[in-house]
Amino acid sequence: MGAAVTVQSRPPASAEDRERFEVLVGEHLDGLFGAALRMTRNRTRAEDLLQETFLRAWRSFHTFKPGTNVRAWLYRILMNAYIDGYRKSEREPEVVDQEDVDEFYLYSKVHESEDFRRAGNPEEALLSRLMDADVKGALDSLPEAFRNVVVLADIEGFSYKEIAEILSIPIGTVMSRLHRGRRQLQVKLWDYARRAHYVRSDSQSPNAAGGSR
Amino acid sequence: MSELDCEQVLEQVWTYLDGEMTEVEYLEIRAHVSECEGCGGKYEFQRRLLVLIEAKCHEGVHVPHALKQRLFRLLEE
């Protein structure tokens with residue numbers, strides 16, 4: 001490599017800039033760390049990702065327009081840092097719905113199930129029995145493209161428009177991924193409910209052949 | 001104003017729950033859902049499902065103090 005080029009592309013930051021940055025970004029660090037943990041599923045990698053995000057944000061802080069959405073700006077940097085550094089070559093295969101189900105998959109399953117119907121209030125019986133690990137596991141099992149959108153919408157509470165900006169994808173794509181992600185999540189949750197014997201494993205399985213071995 | 005049928009209402013469950021529609025659309029759907037037992041039950045279940053996902057998956061974590069200090073120190077370099 002030739003001479004190292006370390007040209008500063010922005011005027012040196014003043015102590016005032018630094019203070020402004022600390023206040024603005026400081027209050028989002030916990031949230032960003034939670035998101036980093038969810039994406040990397042590993043504490044050390046989450047800390048690295050947080051640091052990378054923090055540094056990138058600092059380097060591009062001069063481009064941030066005061067009064068605009070700091071949180072969305074930071075999540076966008078986080079997602080990009082994640083994509084650049086942590087996903088590397090593990091390319092996910094094209095996302096295919098194995099079985100497309102409708103929006104009310106879980107609701108229908110619960111109401112079709114003898115076991116849950118016997119419980120009196122079948123919906124309550126299911127929802128109250130699902131464990132943290134079931135829901136987290138179901139979320140983790142989603143293809144990444146769906147998972148990211150579900151996380152940003154359902155856990156981080158971003159709007160469709162914000163998610164579109166964070167992930168640099170059209171709003172229509174946000175909607176289709178979010179809705180498909182939620183459908184697949186329901187399939188998984190029903191799977192967990194059956195496997196954990198919240199329901200008996202016979203009858204209502206979508207792939208009944210595998211259920212009885 | 002057009003009368004929505006159940007199919008049209010059910011199709012919009014996510015955009016409704018996500019608050020991603022106009023007020024007119026929202027009111028139209030809300031009126032249907034409060035009258036129609038079938039749609040009402042389904043909407044309520046989906047709403048609770050989203051609440052459950054949020055509650056179970058939200059990582060209430062704090063950045064460790066040492067890490068936070070390290071990050072802020074990086075700014076001084």
# chains A, B, ... in the order shown; residues from 1 in each chain; ligands from 1

$ interface_residues --of "chain A" --to "chain B" --cutoff "7 Å" --atoms "only C-alpha atoms" --output "list in words"
Leu29, Asp30, Phe33, Gly34, Gln51, Tyr107, Asp132, Val135, Lys136, Asp154 and Ile155 of chain A

$ residues_around --residues "region 28-39 of chain B" --least-positions-apart "2" --cutoff "9 Å" --atoms "only C-alpha atoms" --output "mmCIF file with N, CA and C atoms, in the first residue's frame"
data_model
loop_
_atom_site.group_PDB
_atom_site.id
_atom_site.type_symbol
_atom_site.label_atom_id
_atom_site.label_comp_id
_atom_site.auth_asym_id
_atom_site.auth_seq_id
_atom_site.Cartn_x
_atom_site.Cartn_y
_atom_site.Cartn_z
ATOM 1 N N MET B 1 -69.376 6.894 1.822
ATOM 2 C CA MET B 1 -68.348 5.999 2.380
ATOM 3 C C MET B 1 -68.721 4.537 2.107
ATOM 4 N N SER B 2 -67.754 3.761 1.700
ATOM 5 C CA SER B 2 -68.066 2.372 1.337
ATOM 6 C C SER B 2 -68.147 1.496 2.581
ATOM 7 N N GLU B 3 -69.042 0.550 2.534
ATOM 8 C CA GLU B 3 -69.127 -0.432 3.612
ATOM 9 C C GLU B 3 -68.079 -1.508 3.372
ATOM 10 N N LEU B 4 -67.288 -1.763 4.374
ATOM 11 C CA LEU B 4 -66.262 -2.801 4.220
ATOM 12 C C LEU B 4 -66.854 -4.156 4.567
ATOM 13 N N ASP B 5 -66.427 -5.187 3.819
ATOM 14 C CA ASP B 5 -66.845 -6.520 4.247
ATOM 15 C C ASP B 5 -65.727 -7.133 5.101
ATOM 16 N N CYS B 6 -66.034 -8.284 5.693
ATOM 17 C CA CYS B 6 -65.082 -8.873 6.638
ATOM 18 C C CYS B 6 -63.723 -9.144 5.989
ATOM 19 N N VAL B 9 -61.673 -6.108 5.820
ATOM 20 C CA VAL B 9 -61.250 -5.680 7.156
ATOM 21 C C VAL B 9 -60.087 -6.547 7.647
ATOM 22 N N LEU B 10 -60.212 -7.852 7.461
ATOM 23 C CA LEU B 10 -59.186 -8.762 7.973
ATOM 24 C C LEU B 10 -57.860 -8.567 7.249
ATOM 25 N N GLN B 12 -56.539 -5.949 6.499
ATOM 26 C CA GLN B 12 -55.829 -4.747 6.950
ATOM 27 C C GLN B 12 -55.423 -4.791 8.411
ATOM 28 N N TYR B 16 -53.666 -1.641 10.395
ATOM 29 C CA TYR B 16 -54.503 -1.024 11.433
ATOM 30 C C TYR B 16 -53.769 -1.013 12.774
ATOM 31 N N GLU B 23 -56.916 8.386 9.020
ATOM 32 C CA GLU B 23 -57.894 8.378 10.093
ATOM 33 C C GLU B 23 -59.251 7.861 9.593
ATOM 34 N N VAL B 24 -59.575 8.215 8.361
ATOM 35 C CA VAL B 24 -60.858 7.771 7.795
ATOM 36 C C VAL B 24 -60.899 6.238 7.717
ATOM 37 N N GLU B 25 -59.815 5.672 7.202
ATOM 38 C CA GLU B 25 -59.746 4.207 7.110
ATOM 39 C C GLU B 25 -59.812 3.577 8.499
ATOM 40 N N TYR B 26 -59.084 4.194 9.409
ATOM 41 C CA TYR B 26 -59.022 3.684 10.774
ATOM 42 C C TYR B 26 -60.411 3.647 11.405
ATOM 43 N N GLY B 41 -62.819 -10.562 17.422
ATOM 44 C CA GLY B 41 -62.022 -11.566 18.128
ATOM 45 C C GLY B 41 -60.657 -11.732 17.499
ATOM 46 N N LYS B 42 -60.636 -11.737 16.174
ATOM 47 C CA LYS B 42 -59.358 -11.907 15.479
ATOM 48 C C LYS B 42 -58.451 -10.703 15.662
ATOM 49 N N TYR B 43 -59.021 -9.529 15.577
ATOM 50 C CA TYR B 43 -58.217 -8.326 15.777
ATOM 51 C C TYR B 43 -57.623 -8.291 17.187
ATOM 52 N N GLU B 44 -58.430 -8.659 18.157
ATOM 53 C CA GLU B 44 -57.971 -8.618 19.540
ATOM 54 C C GLU B 44 -56.834 -9.625 19.752
#

$ select_by_dssp --residues "chain B" --states "alpha helix (DSSP H)" --output "PyMOL selection string"
chain B and resi 6-11+13-17+23-35+37-57+65-74

$ atom_distance --atom1 "CA of Leu127 (chain A)" --atom2 "CA of Leu142 (chain A)"
19.8 Å

$ residues_around --residues "Glu77 (chain B)" --least-positions-apart "4" --cutoff "12 Å" --atoms "only C-alpha atoms" --output "list in words"
Pro12, Ala13, Ala15, Arg18, Leu55 and Trp58 of chain A; Arg70, Leu71, Phe72 and Arg73 of chain B

$ closest_atom_pairs --of "region 33-147 of chain A" --to "region 156-177 of chain A" --cutoff "10 Å" --atoms "only C-alpha atoms" --output "JSON lines"
{"residue": "A:Gly34", "atom": "CA", "partner": "A:Glu156", "partner_atom": "CA", "distance": 9.7}
{"residue": "A:Ala35", "atom": "CA", "partner": "A:Glu156", "partner_atom": "CA", "distance": 8.2}
{"residue": "A:Asn69", "atom": "CA", "partner": "A:Glu162", "partner_atom": "CA", "distance": 9.0}
{"residue": "A:Arg71", "atom": "CA", "partner": "A:Phe158", "partner_atom": "CA", "distance": 9.4}
{"residue": "A:Ala72", "atom": "CA", "partner": "A:Ile166", "partner_atom": "CA", "distance": 6.2}
{"residue": "A:Trp73", "atom": "CA", "partner": "A:Ile166", "partner_atom": "CA", "distance": 7.1}
{"residue": "A:Leu74", "atom": "CA", "partner": "A:Ile166", "partner_atom": "CA", "distance": 8.6}
{"residue": "A:Tyr75", "atom": "CA", "partner": "A:Ile166", "partner_atom": "CA", "distance": 6.3}
{"residue": "A:Arg76", "atom": "CA", "partner": "A:Ile166", "partner_atom": "CA", "distance": 4.2}
{"residue": "A:Ile77", "atom": "CA", "partner": "A:Ile166", "partner_atom": "CA", "distance": 7.9}
{"residue": "A:Leu78", "atom": "CA", "partner": "A:Ile166", "partner_atom": "CA", "distance": 9.0}
{"residue": "A:Met79", "atom": "CA", "partner": "A:Leu167", "partner_atom": "CA", "distance": 7.1}
{"residue": "A:Asn80", "atom": "CA", "partner": "A:Leu167", "partner_atom": "CA", "distance": 8.0}
{"residue": "A:Ala145", "atom": "CA", "partner": "A:Arg177", "partner_atom": "CA", "distance": 7.3}
{"residue": "A:Phe146", "atom": "CA", "partner": "A:Arg177", "partner_atom": "CA", "distance": 5.2}
{"residue": "A:Arg147", "atom": "CA", "partner": "A:Arg177", "partner_atom": "CA", "distance": 8.6}

$ residues_around --residues "Asp134 (chain A)" --least-positions-apart "3" --cutoff "10 Å" --atoms "only C-alpha atoms" --output "number ranges by chain"
A: 129-131, 137-140, 188-193, 196; B: 56-57

$ write_last_selection --atoms "N, CA and C atoms" --output "PDB file, in the first residue's frame"
ATOM      1  N   ARG A 129     -49.193 -19.370  28.026  1.00  0.00           N
ATOM      2  CA  ARG A 129     -48.239 -20.462  28.195  1.00  0.00           C
ATOM      3  C   ARG A 129     -46.952 -20.280  27.413  1.00  0.00           C
ATOM      4  N   LEU A 130     -46.984 -19.424  26.425  1.00  0.00           N
ATOM      5  CA  LEU A 130     -45.762 -19.233  25.636  1.00  0.00           C
ATOM      6  C   LEU A 130     -44.692 -18.565  26.490  1.00  0.00           C
ATOM      7  N   MET A 131     -43.519 -19.143  26.450  1.00  0.00           N
ATOM      8  CA  MET A 131     -42.425 -18.674  27.283  1.00  0.00           C
ATOM      9  C   MET A 131     -41.578 -17.658  26.526  1.00  0.00           C
ATOM     10  N   GLY A 137     -37.035 -17.628  20.408  1.00  0.00           N
ATOM     11  CA  GLY A 137     -36.605 -18.674  19.478  1.00  0.00           C
ATOM     12  C   GLY A 137     -37.318 -18.533  18.138  1.00  0.00           C
ATOM     13  N   ALA A 138     -38.608 -18.231  18.203  1.00  0.00           N
ATOM     14  CA  ALA A 138     -39.374 -18.078  16.963  1.00  0.00           C
ATOM     15  C   ALA A 138     -38.837 -16.894  16.163  1.00  0.00           C
ATOM     16  N   LEU A 139     -38.538 -15.825  16.862  1.00  0.00           N
ATOM     17  CA  LEU A 139     -38.007 -14.635  16.191  1.00  0.00           C
ATOM     18  C   LEU A 139     -36.645 -14.939  15.558  1.00  0.00           C
ATOM     19  N   ASP A 140     -35.803 -15.610  16.312  1.00  0.00           N
ATOM     20  CA  ASP A 140     -34.465 -15.953  15.810  1.00  0.00           C
ATOM     21  C   ASP A 140     -34.513 -16.864  14.602  1.00  0.00           C
ATOM     22  N   LYS A 188     -44.088 -20.798  13.719  1.00  0.00           N
ATOM     23  CA  LYS A 188     -43.080 -21.245  14.692  1.00  0.00           C
ATOM     24  C   LYS A 188     -43.667 -21.357  16.090  1.00  0.00           C
ATOM     25  N   LEU A 189     -44.429 -20.360  16.455  1.00  0.00           N
ATOM     26  CA  LEU A 189     -44.995 -20.359  17.806  1.00  0.00           C
ATOM     27  C   LEU A 189     -45.918 -21.557  17.995  1.00  0.00           C
ATOM     28  N   TRP A 190     -46.658 -21.877  16.964  1.00  0.00           N
ATOM     29  CA  TRP A 190     -47.543 -23.032  17.064  1.00  0.00           C
ATOM     30  C   TRP A 190     -46.719 -24.321  17.181  1.00  0.00           C
ATOM     31  N   ASP A 191     -45.632 -24.342  16.450  1.00  0.00           N
ATOM     32  CA  ASP A 191     -44.694 -25.468  16.547  1.00  0.00           C
ATOM     33  C   ASP A 191     -44.198 -25.657  17.978  1.00  0.00           C
ATOM     34  N   TYR A 192     -43.777 -24.560  18.582  1.00  0.00           N
ATOM     35  CA  TYR A 192     -43.286 -24.635  19.961  1.00  0.00           C
ATOM     36  C   TYR A 192     -44.392 -25.091  20.898  1.00  0.00           C
ATOM     37  N   ALA A 193     -45.565 -24.545  20.676  1.00  0.00           N
ATOM     38  CA  ALA A 193     -46.678 -24.898  21.556  1.00  0.00           C
ATOM     39  C   ALA A 193     -46.941 -26.404  21.474  1.00  0.00           C
ATOM     40  N   ALA A 196     -43.805 -28.391  23.015  1.00  0.00           N
ATOM     41  CA  ALA A 196     -43.703 -28.290  24.472  1.00  0.00           C
ATOM     42  C   ALA A 196     -44.924 -28.902  25.148  1.00  0.00           C
TER      43      ALA A 196
ATOM     44  N   LYS B  56     -41.845 -10.158  25.346  1.00  0.00           N
ATOM     45  CA  LYS B  56     -40.935 -11.288  25.528  1.00  0.00           C
ATOM     46  C   LYS B  56     -39.553 -11.033  24.934  1.00  0.00           C
ATOM     47  N   CYS B  57     -39.499 -10.192  23.927  1.00  0.00           N
ATOM     48  CA  CYS B  57     -38.236 -10.038  23.204  1.00  0.00           C
ATOM     49  C   CYS B  57     -37.479  -8.762  23.533  1.00  0.00           C
TER      50      CYS B  57
END

$ atom_distance --atom1 "CA of Glu103 (chain A)" --atom2 "CA of Gln186 (chain A)"
8.6 Å

$ closest_residue --among "A:Ala125, A:Leu106, A:Val70, A:Met39" --to "Gly26 (chain A)" --atoms "only C-alpha atoms"
A:Val70
